[in-house]
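*Asks:* File protein.cif below, mmCIF, C-alpha atoms:
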```cif
data_input
#
loop_
_atom_site.group_PDB
_atom_site.id
_atom_site.type_symbol
_atom_site.label_atom_id
_atom_site.label_comp_id
_atom_site.auth_asym_id
_atom_site.auth_seq_id
_atom_site.Cartn_x
_atom_site.Cartn_y
_atom_site.Cartn_z
ATOM 1 C CA MET A 49 0.764 -42.388 5.907
ATOM 2 C CA ILE A 50 4.241 -42.346 4.360
ATOM 3 C CA ILE A 51 4.563 -40.826 0.899
ATOM 4 C CA SER A 52 7.957 -41.078 -0.746
ATOM 5 C CA VAL A 53 9.098 -38.896 -3.633
ATOM 6 C CA ALA A 54 11.676 -40.578 -5.851
ATOM 7 C CA SER A 55 13.325 -40.366 -9.244
ATOM 8 C CA GLY A 56 15.516 -42.635 -11.328
ATOM 9 C CA LYS A 57 18.073 -39.869 -11.814
ATOM 10 C CA GLY A 58 19.097 -36.611 -10.201
ATOM 11 C CA GLY A 59 17.921 -33.235 -11.423
ATOM 12 C CA THR A 60 14.364 -34.163 -12.374
ATOM 13 C CA GLY A 61 12.667 -31.960 -9.750
ATOM 14 C CA LYS A 62 12.204 -34.531 -6.987
ATOM 15 C CA THR A 63 12.881 -32.065 -4.175
ATOM 16 C CA THR A 64 10.666 -29.449 -5.870
ATOM 17 C CA VAL A 65 7.764 -31.906 -5.721
ATOM 18 C CA ALA A 66 8.492 -33.153 -2.178
ATOM 19 C CA VAL A 67 8.690 -29.592 -0.820
ATOM 20 C CA SER A 68 5.520 -28.585 -2.685
ATOM 21 C CA LEU A 69 3.558 -31.498 -1.217
ATOM 22 C CA ALA A 70 4.726 -30.602 2.300
ATOM 23 C CA MET A 71 4.005 -26.880 1.947
ATOM 24 C CA ALA A 72 0.615 -27.465 0.322
ATOM 25 C CA ARG A 73 -0.649 -29.700 3.136
ATOM 26 C CA GLY A 74 1.439 -28.543 6.126
ATOM 27 C CA TYR A 75 1.488 -30.154 9.598
ATOM 28 C CA CYS A 76 3.492 -33.128 8.385
ATOM 29 C CA ASN A 77 6.890 -34.743 8.807
ATOM 30 C CA PHE A 78 9.381 -33.857 6.094
ATOM 31 C CA MET A 79 12.323 -36.269 5.921
ATOM 32 C CA ASP A 80 15.235 -35.374 3.647
ATOM 33 C CA TYR A 81 16.726 -38.850 3.137
ATOM 34 C CA ASP A 82 19.011 -37.644 0.337
ATOM 35 C CA VAL A 83 21.796 -37.501 2.903
ATOM 36 C CA GLU A 84 24.645 -37.232 0.379
ATOM 37 C CA ALA A 85 23.233 -34.004 -1.068
ATOM 38 C CA PRO A 86 20.399 -32.699 1.149
ATOM 39 C CA ASN A 87 18.898 -29.473 -0.205
ATOM 40 C CA ALA A 88 15.247 -29.290 0.910
ATOM 41 C CA SER A 89 16.260 -26.811 3.619
ATOM 42 C CA PHE A 90 17.066 -24.333 0.842
ATOM 43 C CA PHE A 91 13.321 -24.107 0.110
ATOM 44 C CA LEU A 92 11.654 -24.902 3.445
ATOM 45 C CA LYS A 93 14.041 -22.675 5.440
ATOM 46 C CA PRO A 94 13.536 -24.562 8.712
ATOM 47 C CA ASP A 95 14.432 -23.199 12.111
ATOM 48 C CA ILE A 96 16.883 -25.901 13.205
ATOM 49 C CA LYS A 97 16.313 -26.663 16.889
ATOM 50 C CA ASN A 98 18.860 -29.395 17.522
ATOM 51 C CA GLU A 99 21.403 -31.677 15.948
ATOM 52 C CA GLN A 100 22.094 -35.375 16.495
ATOM 53 C CA THR A 101 25.459 -36.949 15.755
ATOM 54 C CA VAL A 102 25.289 -40.345 14.036
ATOM 55 C CA THR A 103 28.084 -42.814 14.720
ATOM 56 C CA MET A 104 29.057 -46.317 13.673
ATOM 57 C CA LYS A 105 31.439 -48.894 15.116
ATOM 58 C CA GLN A 106 34.812 -49.248 13.421
ATOM 59 C CA PRO A 107 37.671 -51.579 14.329
ATOM 60 C CA TYR A 108 41.198 -50.594 15.191
ATOM 61 C CA PHE A 109 44.086 -52.999 15.302
ATOM 62 C CA LEU A 110 46.684 -53.375 18.075
ATOM 63 C CA THR A 111 49.556 -54.262 15.761
ATOM 64 C CA GLU A 112 52.081 -53.925 18.586
ATOM 65 C CA THR A 113 50.797 -57.250 19.961
ATOM 66 C CA GLY A 114 52.426 -59.011 17.002
ATOM 67 C CA ALA A 115 49.143 -60.818 16.216
ATOM 68 C CA ASP A 116 48.210 -62.048 12.758
ATOM 69 C CA PHE A 117 45.247 -60.117 11.270
ATOM 70 C CA LYS A 118 44.978 -62.028 7.971
ATOM 71 C CA LYS A 119 41.617 -63.543 8.934
ATOM 72 C CA CYS A 120 40.167 -60.027 9.241
ATOM 73 C CA ALA A 121 41.255 -59.234 5.670
ATOM 74 C CA GLU A 122 39.904 -62.564 4.392
ATOM 75 C CA PHE A 123 36.579 -62.047 6.163
ATOM 76 C CA CYS A 124 35.932 -58.494 4.919
ATOM 77 C CA HIS A 125 33.845 -58.637 1.724
ATOM 78 C CA PHE A 126 34.159 -54.864 1.350
ATOM 79 C CA ASN A 127 37.994 -54.908 1.215
ATOM 80 C CA ALA A 128 38.238 -52.446 4.081
ATOM 81 C CA VAL A 129 41.174 -54.383 5.590
ATOM 82 C CA ALA A 130 44.439 -55.389 3.941
ATOM 83 C CA VAL A 131 47.421 -57.046 5.564
ATOM 84 C CA ALA A 132 50.987 -56.621 4.319
ATOM 85 C CA GLY A 133 53.393 -58.568 6.481
ATOM 86 C CA LYS A 134 52.829 -57.311 10.028
ATOM 87 C CA GLU A 135 51.190 -54.110 8.860
ATOM 88 C CA VAL A 136 47.405 -53.615 8.717
ATOM 89 C CA ILE A 137 46.029 -51.169 6.156
ATOM 90 C CA PHE A 138 42.520 -50.048 7.061
ATOM 91 C CA PHE A 139 40.191 -48.143 4.694
ATOM 92 C CA PRO A 140 37.544 -46.571 6.979
ATOM 93 C CA GLU A 141 35.420 -45.289 4.087
ATOM 94 C CA LEU A 142 34.813 -48.908 2.984
ATOM 95 C CA CYS A 143 34.022 -50.283 6.453
ATOM 96 C CA HIS A 144 30.384 -51.287 7.109
ATOM 97 C CA GLY A 145 30.815 -51.682 10.865
ATOM 98 C CA CYS A 146 29.704 -55.316 10.818
ATOM 99 C CA GLY A 147 31.892 -56.364 13.761
ATOM 100 C CA GLY A 148 33.416 -59.268 11.821
ATOM 101 C CA CYS A 149 36.982 -58.240 12.662
ATOM 102 C CA LEU A 150 36.261 -58.792 16.351
ATOM 103 C CA LEU A 151 34.724 -62.192 15.661
ATOM 104 C CA VAL A 152 37.470 -63.686 13.493
ATOM 105 C CA GLY A 153 40.490 -61.591 14.493
ATOM 106 C CA PRO A 154 43.003 -62.442 17.207
ATOM 107 C CA GLU A 155 41.360 -62.095 20.617
ATOM 108 C CA GLY A 156 42.303 -58.917 22.447
ATOM 109 C CA SER A 157 44.101 -57.445 19.435
ATOM 110 C CA VAL A 158 41.098 -55.953 17.634
ATOM 111 C CA MET A 159 39.057 -53.255 19.344
ATOM 112 C CA GLU A 160 36.151 -51.025 18.295
ATOM 113 C CA LYS A 161 35.498 -47.305 18.532
ATOM 114 C CA ASP A 162 32.600 -44.998 17.658
ATOM 115 C CA VAL A 163 33.217 -42.910 14.546
ATOM 116 C CA GLU A 164 31.033 -40.012 13.435
ATOM 117 C CA VAL A 165 29.561 -40.578 9.957
ATOM 118 C CA GLY A 166 27.148 -37.656 9.822
ATOM 119 C CA LYS A 167 24.428 -35.663 11.521
ATOM 120 C CA ILE A 168 20.666 -35.390 11.663
ATOM 121 C CA ARG A 169 19.303 -31.855 11.915
ATOM 122 C CA LYS A 170 15.821 -31.320 13.332
ATOM 123 C CA GLY A 171 13.655 -28.233 13.194
ATOM 124 C CA LYS A 172 10.380 -26.583 12.254
ATOM 125 C CA ALA A 173 9.226 -25.005 8.990
ATOM 126 C CA ASP A 174 6.011 -23.261 7.971
ATOM 127 C CA PRO A 175 3.242 -24.293 7.917
ATOM 128 C CA GLY A 176 3.622 -26.664 10.897
ATOM 129 C CA ILE A 177 6.205 -28.915 9.233
ATOM 130 C CA SER A 178 8.471 -31.062 11.410
ATOM 131 C CA PHE A 179 11.709 -31.059 9.443
ATOM 132 C CA PHE A 180 14.432 -33.736 9.560
ATOM 133 C CA MET A 181 17.553 -33.705 7.413
ATOM 134 C CA GLY A 182 20.341 -36.264 7.238
ATOM 135 C CA ASP A 183 23.798 -35.004 6.337
ATOM 136 C CA LEU A 184 26.501 -37.545 5.513
ATOM 137 C CA LYS A 185 30.044 -36.603 6.498
ATOM 138 C CA PRO A 186 32.293 -36.138 3.418
ATOM 139 C CA GLY A 187 34.407 -39.195 2.721
ATOM 140 C CA TYR A 188 31.964 -41.676 4.263
ATOM 141 C CA MET A 189 29.527 -44.023 2.529
ATOM 142 C CA ARG A 190 27.239 -44.916 5.434
ATOM 143 C CA THR A 191 24.087 -43.450 3.928
ATOM 144 C CA ILE A 192 21.831 -46.144 5.352
ATOM 145 C CA THR A 193 23.307 -45.736 8.853
ATOM 146 C CA ILE A 194 21.949 -42.177 8.900
ATOM 147 C CA GLN A 195 18.654 -43.135 7.245
ATOM 148 C CA SER A 196 18.130 -45.854 9.868
ATOM 149 C CA GLU A 197 18.454 -43.292 12.654
ATOM 150 C CA MET A 198 16.038 -40.981 10.830
ATOM 151 C CA ASP A 199 13.504 -43.827 10.650
ATOM 152 C CA LYS A 200 13.246 -43.717 14.450
ATOM 153 C CA LEU A 201 12.113 -40.077 14.326
ATOM 154 C CA ILE A 202 9.099 -40.574 12.051
ATOM 155 C CA GLU A 203 5.760 -39.621 13.649
ATOM 156 C CA HIS A 204 3.443 -42.229 12.165
ATOM 157 C CA ASP A 205 0.266 -40.401 13.184
ATOM 158 C CA LYS A 206 1.143 -37.642 10.680
ATOM 159 C CA ILE A 207 1.518 -37.501 6.923
ATOM 160 C CA VAL A 208 5.186 -38.190 6.236
ATOM 161 C CA ILE A 209 6.885 -36.878 3.077
ATOM 162 C CA ILE A 210 10.211 -38.554 2.283
ATOM 163 C CA ASP A 211 12.566 -36.906 -0.199
ATOM 164 C CA CYS A 212 14.460 -39.990 -1.416
ATOM 165 C CA PRO A 213 17.964 -40.142 -2.873
ATOM 166 C CA PRO A 214 17.966 -40.302 -6.694
ATOM 167 C CA GLY A 215 18.644 -43.508 -8.588
ATOM 168 C CA THR A 216 17.711 -47.106 -7.818
ATOM 169 C CA SER A 217 20.535 -48.200 -5.502
ATOM 170 C CA CYS A 218 20.379 -49.286 -1.844
ATOM 171 C CA PRO A 219 19.811 -45.802 -0.315
ATOM 172 C CA MET A 220 16.783 -45.208 -2.551
ATOM 173 C CA VAL A 221 15.361 -48.681 -1.831
ATOM 174 C CA PHE A 222 15.858 -48.214 1.922
ATOM 175 C CA SER A 223 14.027 -44.872 1.779
ATOM 176 C CA LEU A 224 11.068 -46.526 0.071
ATOM 177 C CA LYS A 225 10.731 -49.611 2.246
ATOM 178 C CA ASP A 226 7.863 -48.430 4.497
ATOM 179 C CA SER A 227 6.096 -46.234 1.940
ATOM 180 C CA ASP A 228 2.355 -46.416 1.398
ATOM 181 C CA TYR A 229 2.702 -44.629 -1.935
ATOM 182 C CA CYS A 230 5.514 -43.335 -4.132
ATOM 183 C CA VAL A 231 5.441 -40.260 -6.353
ATOM 184 C CA LEU A 232 7.930 -40.741 -9.201
ATOM 185 C CA VAL A 233 9.255 -37.538 -10.747
ATOM 186 C CA THR A 234 10.576 -37.676 -14.287
ATOM 187 C CA GLU A 235 11.246 -35.477 -17.298
ATOM 188 C CA PRO A 236 10.080 -36.073 -20.902
ATOM 189 C CA THR A 237 13.449 -37.089 -22.340
ATOM 190 C CA PRO A 238 14.966 -40.446 -23.378
ATOM 191 C CA TYR A 239 17.081 -40.423 -20.185
ATOM 192 C CA GLY A 240 14.010 -39.625 -18.112
ATOM 193 C CA LEU A 241 12.069 -42.503 -19.652
ATOM 194 C CA ASN A 242 14.896 -44.996 -19.160
ATOM 195 C CA ASP A 243 15.346 -44.109 -15.499
ATOM 196 C CA LEU A 244 11.593 -43.988 -14.890
ATOM 197 C CA ASP A 245 11.333 -47.555 -16.186
ATOM 198 C CA LEU A 246 14.097 -48.686 -13.796
ATOM 199 C CA SER A 247 12.365 -46.999 -10.839
ATOM 200 C CA ILE A 248 9.046 -48.623 -11.679
ATOM 201 C CA GLU A 249 10.666 -52.055 -11.705
ATOM 202 C CA VAL A 250 11.956 -51.387 -8.163
ATOM 203 C CA LEU A 251 8.493 -50.326 -6.969
ATOM 204 C CA LYS A 252 6.819 -53.324 -8.577
ATOM 205 C CA SER A 253 9.219 -55.677 -6.805
ATOM 206 C CA MET A 254 8.460 -53.908 -3.496
ATOM 207 C CA LYS A 255 4.700 -53.891 -4.195
ATOM 208 C CA ILE A 256 4.400 -50.148 -3.552
ATOM 209 C CA PRO A 257 1.693 -48.222 -5.472
ATOM 210 C CA TYR A 258 2.932 -45.255 -7.461
ATOM 211 C CA GLY A 259 2.077 -42.419 -9.805
ATOM 212 C CA VAL A 260 4.132 -40.126 -12.014
ATOM 213 C CA ILE A 261 4.728 -36.385 -12.153
ATOM 214 C CA ILE A 262 6.259 -35.093 -15.391
ATOM 215 C CA ASN A 263 8.440 -32.067 -14.712
ATOM 216 C CA ARG A 264 9.632 -29.586 -17.348
ATOM 217 C CA ASP A 265 6.789 -30.681 -19.584
ATOM 218 C CA GLY A 266 7.306 -29.378 -23.102
ATOM 219 C CA ILE A 267 10.954 -30.319 -23.591
ATOM 220 C CA GLY A 268 12.041 -33.548 -25.239
ATOM 221 C CA ASP A 269 9.352 -35.765 -26.710
ATOM 222 C CA GLY A 270 6.040 -37.337 -25.714
ATOM 223 C CA LYS A 271 7.355 -40.853 -25.095
ATOM 224 C CA VAL A 272 7.145 -40.670 -21.282
ATOM 225 C CA GLU A 273 3.446 -39.819 -21.452
ATOM 226 C CA GLU A 274 2.944 -42.472 -24.126
ATOM 227 C CA TYR A 275 4.702 -45.042 -21.902
ATOM 228 C CA CYS A 276 2.509 -44.140 -18.915
ATOM 229 C CA ASN A 277 -0.720 -44.312 -20.930
ATOM 230 C CA LYS A 278 0.272 -47.627 -22.510
ATOM 231 C CA ASN A 279 1.032 -49.174 -19.109
ATOM 232 C CA ASN A 280 -1.959 -47.636 -17.272
ATOM 233 C CA ILE A 281 0.317 -45.577 -15.029
ATOM 234 C CA LYS A 282 -1.370 -42.625 -13.360
ATOM 235 C CA ILE A 283 0.051 -39.237 -14.384
ATOM 236 C CA LEU A 284 -0.561 -37.173 -11.272
ATOM 237 C CA LEU A 285 0.581 -33.819 -12.648
ATOM 238 C CA LYS A 286 2.551 -32.125 -15.407
ATOM 239 C CA ILE A 287 4.750 -29.157 -14.451
ATOM 240 C CA PRO A 288 5.587 -26.955 -17.449
ATOM 241 C CA ASN A 289 9.066 -25.992 -18.567
ATOM 242 C CA ASP A 290 8.633 -22.442 -17.270
ATOM 243 C CA MET A 291 11.484 -19.921 -16.974
ATOM 244 C CA GLY A 292 9.741 -18.207 -14.057
ATOM 245 C CA ILE A 293 9.694 -21.484 -12.085
ATOM 246 C CA ALA A 294 13.395 -22.029 -12.862
ATOM 247 C CA ARG A 295 14.419 -18.497 -11.823
ATOM 248 C CA ASN A 296 12.567 -18.725 -8.525
ATOM 249 C CA TYR A 297 13.938 -22.215 -7.875
ATOM 250 C CA SER A 298 17.483 -20.824 -8.164
ATOM 251 C CA ARG A 299 16.578 -18.264 -5.466
ATOM 252 C CA GLY A 300 15.159 -20.879 -3.094
ATOM 253 C CA VAL A 301 11.528 -19.980 -3.819
ATOM 254 C CA SER A 302 9.294 -23.063 -3.904
ATOM 255 C CA LEU A 303 6.664 -23.739 -6.548
ATOM 256 C CA VAL A 304 3.859 -23.080 -4.034
ATOM 257 C CA GLU A 305 5.399 -19.749 -2.989
ATOM 258 C CA TYR A 306 5.927 -18.737 -6.633
ATOM 259 C CA ASP A 307 2.287 -19.361 -7.524
ATOM 260 C CA ASN A 308 -0.169 -20.343 -4.782
ATOM 261 C CA SER A 309 -2.476 -22.053 -7.297
ATOM 262 C CA TRP A 310 0.000 -24.955 -7.184
ATOM 263 C CA ALA A 311 -0.993 -25.595 -3.557
ATOM 264 C CA GLY A 312 -4.444 -26.699 -4.703
ATOM 265 C CA LYS A 313 -2.955 -28.988 -7.350
ATOM 266 C CA PHE A 314 -0.649 -30.689 -4.866
ATOM 267 C CA ASN A 315 -3.439 -31.013 -2.307
ATOM 268 C CA LYS A 316 -5.524 -32.817 -4.934
ATOM 269 C CA ILE A 317 -2.629 -35.236 -5.426
ATOM 270 C CA LEU A 318 -2.501 -35.881 -1.680
ATOM 271 C CA ASP A 319 -6.277 -36.435 -1.566
ATOM 272 C CA PHE A 320 -5.946 -38.939 -4.425
ATOM 273 C CA ILE A 321 -3.049 -40.737 -2.703
ATOM 274 C CA GLU A 322 -4.956 -41.009 0.592
ATOM 275 C CA LYS A 323 -7.808 -42.764 -1.239
ATOM 276 C CA GLU A 324 -5.541 -44.873 -3.439
ATOM 277 C CA ALA A 325 -3.303 -46.130 -0.636
ATOM 278 C CA VAL A 326 -6.146 -47.283 1.649
#
```
Would you give me this structure, written as structure tokens?
*Replies:*
Amino acid sequence: MIISVASGKGGTGKTTVAVSLAMARGYCNFMDYDVEAPNASFFLKPDIKNEQTVTMKQPYFLTETGADFKKCAEFCHFNAVAVAGKEVIFFPELCHGCGGCLLVGPEGSVMEKDVEVGKIRKGKADPGISFFMGDLKPGYMRTITIQSEMDKLIEHDKIVIIDCPPGTSCPMVFSLKDSDYCVLVTEPTPYGLNDLDLSIEVLKSMKIPYGVIINRDGIGDGKVEEYCNKNNIKILLKIPNDMGIARNYSRGVSLVEYDNSWAGKFNKILDFIEKEAV
């Protein structure tokens, strides 16, 4: 079973919830798909056993041949290639590695090379957690390239917890695609409600069942809870706006480690999800 943990915006406590679910149940896969800003390792403290380099194909242009590369620039919808006279200006951070330059460019004058875009780190964390973390190389945008490689490492006979990227863009949608259930983490503020609504629209379009956890309960107003009740959305848990939780979070102490009674609460959520997602 694949359980994704998502949020419409950053800073709502998504990683707090994902880590708590993993630590409460144990013996699962934990996949940190937030490859632009992975931070679950701060709480799970995995023993990293090995590292995998992730590469993509990028073109390079043999301008000394005197060939015309205008078709490459015209073909590229991501504006990674520009041609000025006989000079080719290539923007590697915009390249999607589609191979189009080789198809439409002058034969023998466009070549490809493997370029590192990031790494996947693999290890073990207590209790019995198989830990996988994607880490995008600064300056690159190939989030999904790394997530695709992480997909191959999922052990489908285990419970899989995916810590998704925040927001509702392509990396978040890709992280959700195989999920049996999604836990949406929000906060009781106008921004939280707006971004929760956007996330729910994504999940509805993907036909993925979901429930909501309200973090920092007690700040803002009651409109998130009102919205959930009005739309028959399951509120799985409310986490209070507690200074002790915040202080321990800043030290890398998870919610379950701070107060073990939270383990039972998160296990109840997992029990509910296992029944709901059947």
*Asks:* List the neighbours of Ile287 (chain A) out to 6 Å using all atoms listed in the file; skip same-chain residues closer than 3 positions along the sequence, and give me the result as a list in words.
*Replies:*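 Returned residues: Asn263, Arg264 and Asp265 of chain A.
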*Asks:* With all atoms listed in the file as the atoms that count, which of A:Gly171, A:Val65, A:Glu141, A:Asp245 lies nearest to Lys286 (chain A)?
*Replies:*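 Counting all atoms listed in the file, the residue closest to Lys286 (chain A) is A:Val65.
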*Asks:* Exactly which residues make up the result of the PyMOL selection byres ((chain A and resi 210-214) around 8) on this file, given as a list in words?
*Replies:*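 Against this file, the PyMOL selection byres ((chain A and resi 210-214) around 8) returns the residues Ile50, Ile51, Ser52, Val53, Ala54, Ser55, Gly56, Lys57, Gly58, Lys62, Thr63, Ala66, Phe78, Met79, Asp80, Tyr81, Asp82, Val83, Glu84, Val208, Ile209, Gly215, Thr216, Pro219, Met220, Ser223 and Leu224 of chain A.
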*Asks:* Going by the chain IDs and residue numbers used in this file, which residues fall under the PyMOL selection byres ((chain A and resi 128) around 6)? Write them as a ChimeraX atom specification.
*Replies:* /A:126-127,129,138-139,142-143
*Asks:* When the PyMOL selection byres ((chain A and resi 203) around 12) is applied to the structure above, which residues does it catch, written out as a list of chain:residue names?
*Replies:* A:Met49, A:Ile50, A:Tyr75, A:Cys76, A:Asn77, A:Phe78, A:Met79, A:Ile177, A:Ser178, A:Phe179, A:Phe180, A:Met198, A:Asp199, A:Lys200, A:Leu201, A:Ile202, A:His204, A:Asp205, A:Lys206, A:Ile207, A:Val208, A:Ile209
*Asks:* A:Met189, A:Ile96, A:Ile267, A:Ala325: which is nearest Lys170 (chain A), counting only C-alpha atoms?
*Replies:*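 Of the candidates, the smallest distance to Lys170 (chain A) is held by A:Ile96.
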*Asks:* Taking only C-alpha atoms into account, name the residue in A:Thr193, A:Asn308, A:Thr113, A:Thr234 that is nearest to Val272 (chain A).
*Replies:* A:Thr234
*Asks:* Give as a PyMOL selection string the set of residues within 12 Å of the point (0.3, -43.3, -6.5), where distances use the file's coordinates and only C-alpha atoms.
*Replies:* chain A and resi 50-54+227-233+248+251+255-261+280-285+317-326
*Asks:* Save out the residues we just selected, C-alpha atoms, as a PDB file, keeping the file's coordinate frame.
*Replies:*
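Output file part-v8.pdb follows:
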```pdb
ATOM      1  CA  ILE A  50       4.241 -42.346   4.360  1.00  0.00           C
ATOM      2  CA  ILE A  51       4.563 -40.826   0.899  1.00  0.00           C
ATOM      3  CA  SER A  52       7.957 -41.078  -0.746  1.00  0.00           C
ATOM      4  CA  VAL A  53       9.098 -38.896  -3.633  1.00  0.00           C
ATOM      5  CA  ALA A  54      11.676 -40.578  -5.851  1.00  0.00           C
ATOM      6  CA  SER A 227       6.096 -46.234   1.940  1.00  0.00           C
ATOM      7  CA  ASP A 228       2.355 -46.416   1.398  1.00  0.00           C
ATOM      8  CA  TYR A 229       2.702 -44.629  -1.935  1.00  0.00           C
ATOM      9  CA  CYS A 230       5.514 -43.335  -4.132  1.00  0.00           C
ATOM     10  CA  VAL A 231       5.441 -40.260  -6.353  1.00  0.00           C
ATOM     11  CA  LEU A 232       7.930 -40.741  -9.201  1.00  0.00           C
ATOM     12  CA  VAL A 233       9.255 -37.538 -10.747  1.00  0.00           C
ATOM     13  CA  ILE A 248       9.046 -48.623 -11.679  1.00  0.00           C
ATOM     14  CA  LEU A 251       8.493 -50.326  -6.969  1.00  0.00           C
ATOM     15  CA  LYS A 255       4.700 -53.891  -4.195  1.00  0.00           C
ATOM     16  CA  ILE A 256       4.400 -50.148  -3.552  1.00  0.00           C
ATOM     17  CA  PRO A 257       1.693 -48.222  -5.472  1.00  0.00           C
ATOM     18  CA  TYR A 258       2.932 -45.255  -7.461  1.00  0.00           C
ATOM     19  CA  GLY A 259       2.077 -42.419  -9.805  1.00  0.00           C
ATOM     20  CA  VAL A 260       4.132 -40.126 -12.014  1.00  0.00           C
ATOM     21  CA  ILE A 261       4.728 -36.385 -12.153  1.00  0.00           C
ATOM     22  CA  ASN A 280      -1.959 -47.636 -17.272  1.00  0.00           C
ATOM     23  CA  ILE A 281       0.317 -45.577 -15.029  1.00  0.00           C
ATOM     24  CA  LYS A 282      -1.370 -42.625 -13.360  1.00  0.00           C
ATOM     25  CA  ILE A 283       0.051 -39.237 -14.384  1.00  0.00           C
ATOM     26  CA  LEU A 284      -0.561 -37.173 -11.272  1.00  0.00           C
ATOM     27  CA  LEU A 285       0.581 -33.819 -12.648  1.00  0.00           C
ATOM     28  CA  ILE A 317      -2.629 -35.236  -5.426  1.00  0.00           C
ATOM     29  CA  LEU A 318      -2.501 -35.881  -1.680  1.00  0.00           C
ATOM     30  CA  ASP A 319      -6.277 -36.435  -1.566  1.00  0.00           C
ATOM     31  CA  PHE A 320      -5.946 -38.939  -4.425  1.00  0.00           C
ATOM     32  CA  ILE A 321      -3.049 -40.737  -2.703  1.00  0.00           C
ATOM     33  CA  GLU A 322      -4.956 -41.009   0.592  1.00  0.00           C
ATOM     34  CA  LYS A 323      -7.808 -42.764  -1.239  1.00  0.00           C
ATOM     35  CA  GLU A 324      -5.541 -44.873  -3.439  1.00  0.00           C
ATOM     36  CA  ALA A 325      -3.303 -46.130  -0.636  1.00  0.00           C
ATOM     37  CA  VAL A 326      -6.146 -47.283   1.649  1.00  0.00           C
TER      38      VAL A 326
END
```
*Asks:* For the atom pair CA of Asn98 (chain A) and CA of Tyr188 (chain A), what is the interatomic distance in Å to one decimal place?
*Replies:* 22.3 Å
*Asks:* I'd like the box whose edges run along x, y and z of the file and which contains every listed atom of region 166-175 of chain A, padded by 4 Å per side; could you state its centre and edge lengths in Å, one decimal, as AutoDock Vina command-line options?
*Replies:*
```
--center_x 15.2 --center_y -30.5 --center_z 10.6 --size_x 31.9 --size_y 22.4 --size_z 13.4
```
*Asks:* List the neighbours of region 296-304 of chain A out to 6 Å using all atoms listed in the file; skip same-chain residues closer than 5 positions along the sequence, and give me the result as a PyMOL selection string.
*Replies:* chain A and resi 68+90-91+310-311
*Asks:* In Å, with one decimal, what is the gap from CA of Gly61 (chain A) to CA of Glu235 (chain A)?
*Replies:*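 Going from CA of Gly61 (chain A) over to CA of Glu235 (chain A) covers 8.4 Å.
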*Asks:* Of the residues A:Met254, A:Pro140, A:Leu92, A:Val131, which is the one nearest to Thr64 (chain A), using all atoms listed in the file?
*Replies:*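 Of the candidates, the smallest distance to Thr64 (chain A) is held by A:Leu92.
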*Asks:* Between CA of Tyr108 (chain A) and CA of Glu160 (chain A), what is the spacing in Å?
*Replies:*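 Rounded to one decimal, the two atoms are 5.9 Å apart.
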*Asks:* Go through A:Met181, A:Val102, A:Leu246, A:Cys120 and flag the residue nearest Glu197 (chain A), using all atoms listed in the file for the distances.
*Replies:*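 Using all atoms listed in the file, the shortest distance to Glu197 (chain A) belongs to A:Val102.
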*Asks:* What residues have an atom no more than 7 Å from (3.8, -27.7, 5.6) in the file's own frame, counting all atoms listed in the file, and can you write them as a ChimeraX atom specification?
*Replies:* /A:70-76,173-177
*Asks:* Using all atoms listed in the file, which of the listed residues (A:Pro94, A:Pro236, A:Gly153, A:Pro288) sits closest to Cys276 (chain A)?
*Replies:*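 Ranking A:Pro94, A:Pro236, A:Gly153, A:Pro288 by distance to Cys276 (chain A), first place goes to A:Pro236.
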*Asks:* Missing atoms in region 274-283 of chain A: fill them in up to N, CA and C atoms and send the result as a CSV table (one decimal), in the frame of the given file.
*Replies:*
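Below you can see selection.csv, which holds the result:
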```csv
chain,number,residue,atom,x,y,z
A,274,GLU,N,3.4,-41.3,-23.4
A,274,GLU,CA,2.9,-42.5,-24.1
A,274,GLU,C,3.2,-43.8,-23.3
A,275,TYR,N,4.4,-43.9,-22.7
A,275,TYR,CA,4.7,-45.0,-21.9
A,275,TYR,C,3.7,-45.2,-20.7
A,276,CYS,N,3.4,-44.1,-20.1
A,276,CYS,CA,2.5,-44.1,-18.9
A,276,CYS,C,1.1,-44.6,-19.4
A,277,ASN,N,0.6,-44.0,-20.4
A,277,ASN,CA,-0.7,-44.3,-20.9
A,277,ASN,C,-0.8,-45.8,-21.4
A,278,LYS,N,0.2,-46.2,-22.0
A,278,LYS,CA,0.3,-47.6,-22.5
A,278,LYS,C,0.3,-48.6,-21.4
A,279,ASN,N,0.9,-48.3,-20.3
A,279,ASN,CA,1.0,-49.2,-19.1
A,279,ASN,C,0.1,-48.9,-18.0
A,280,ASN,N,-0.9,-48.0,-18.3
A,280,ASN,CA,-2.0,-47.6,-17.3
A,280,ASN,C,-1.3,-47.1,-16.0
A,281,ILE,N,-0.3,-46.2,-16.2
A,281,ILE,CA,0.3,-45.6,-15.0
A,281,ILE,C,-0.3,-44.2,-14.9
A,282,LYS,N,-0.7,-43.9,-13.6
A,282,LYS,CA,-1.4,-42.6,-13.4
A,282,LYS,C,-0.4,-41.5,-13.5
A,283,ILE,N,-0.7,-40.5,-14.3
A,283,ILE,CA,0.1,-39.2,-14.4
A,283,ILE,C,-0.6,-38.3,-13.4
```
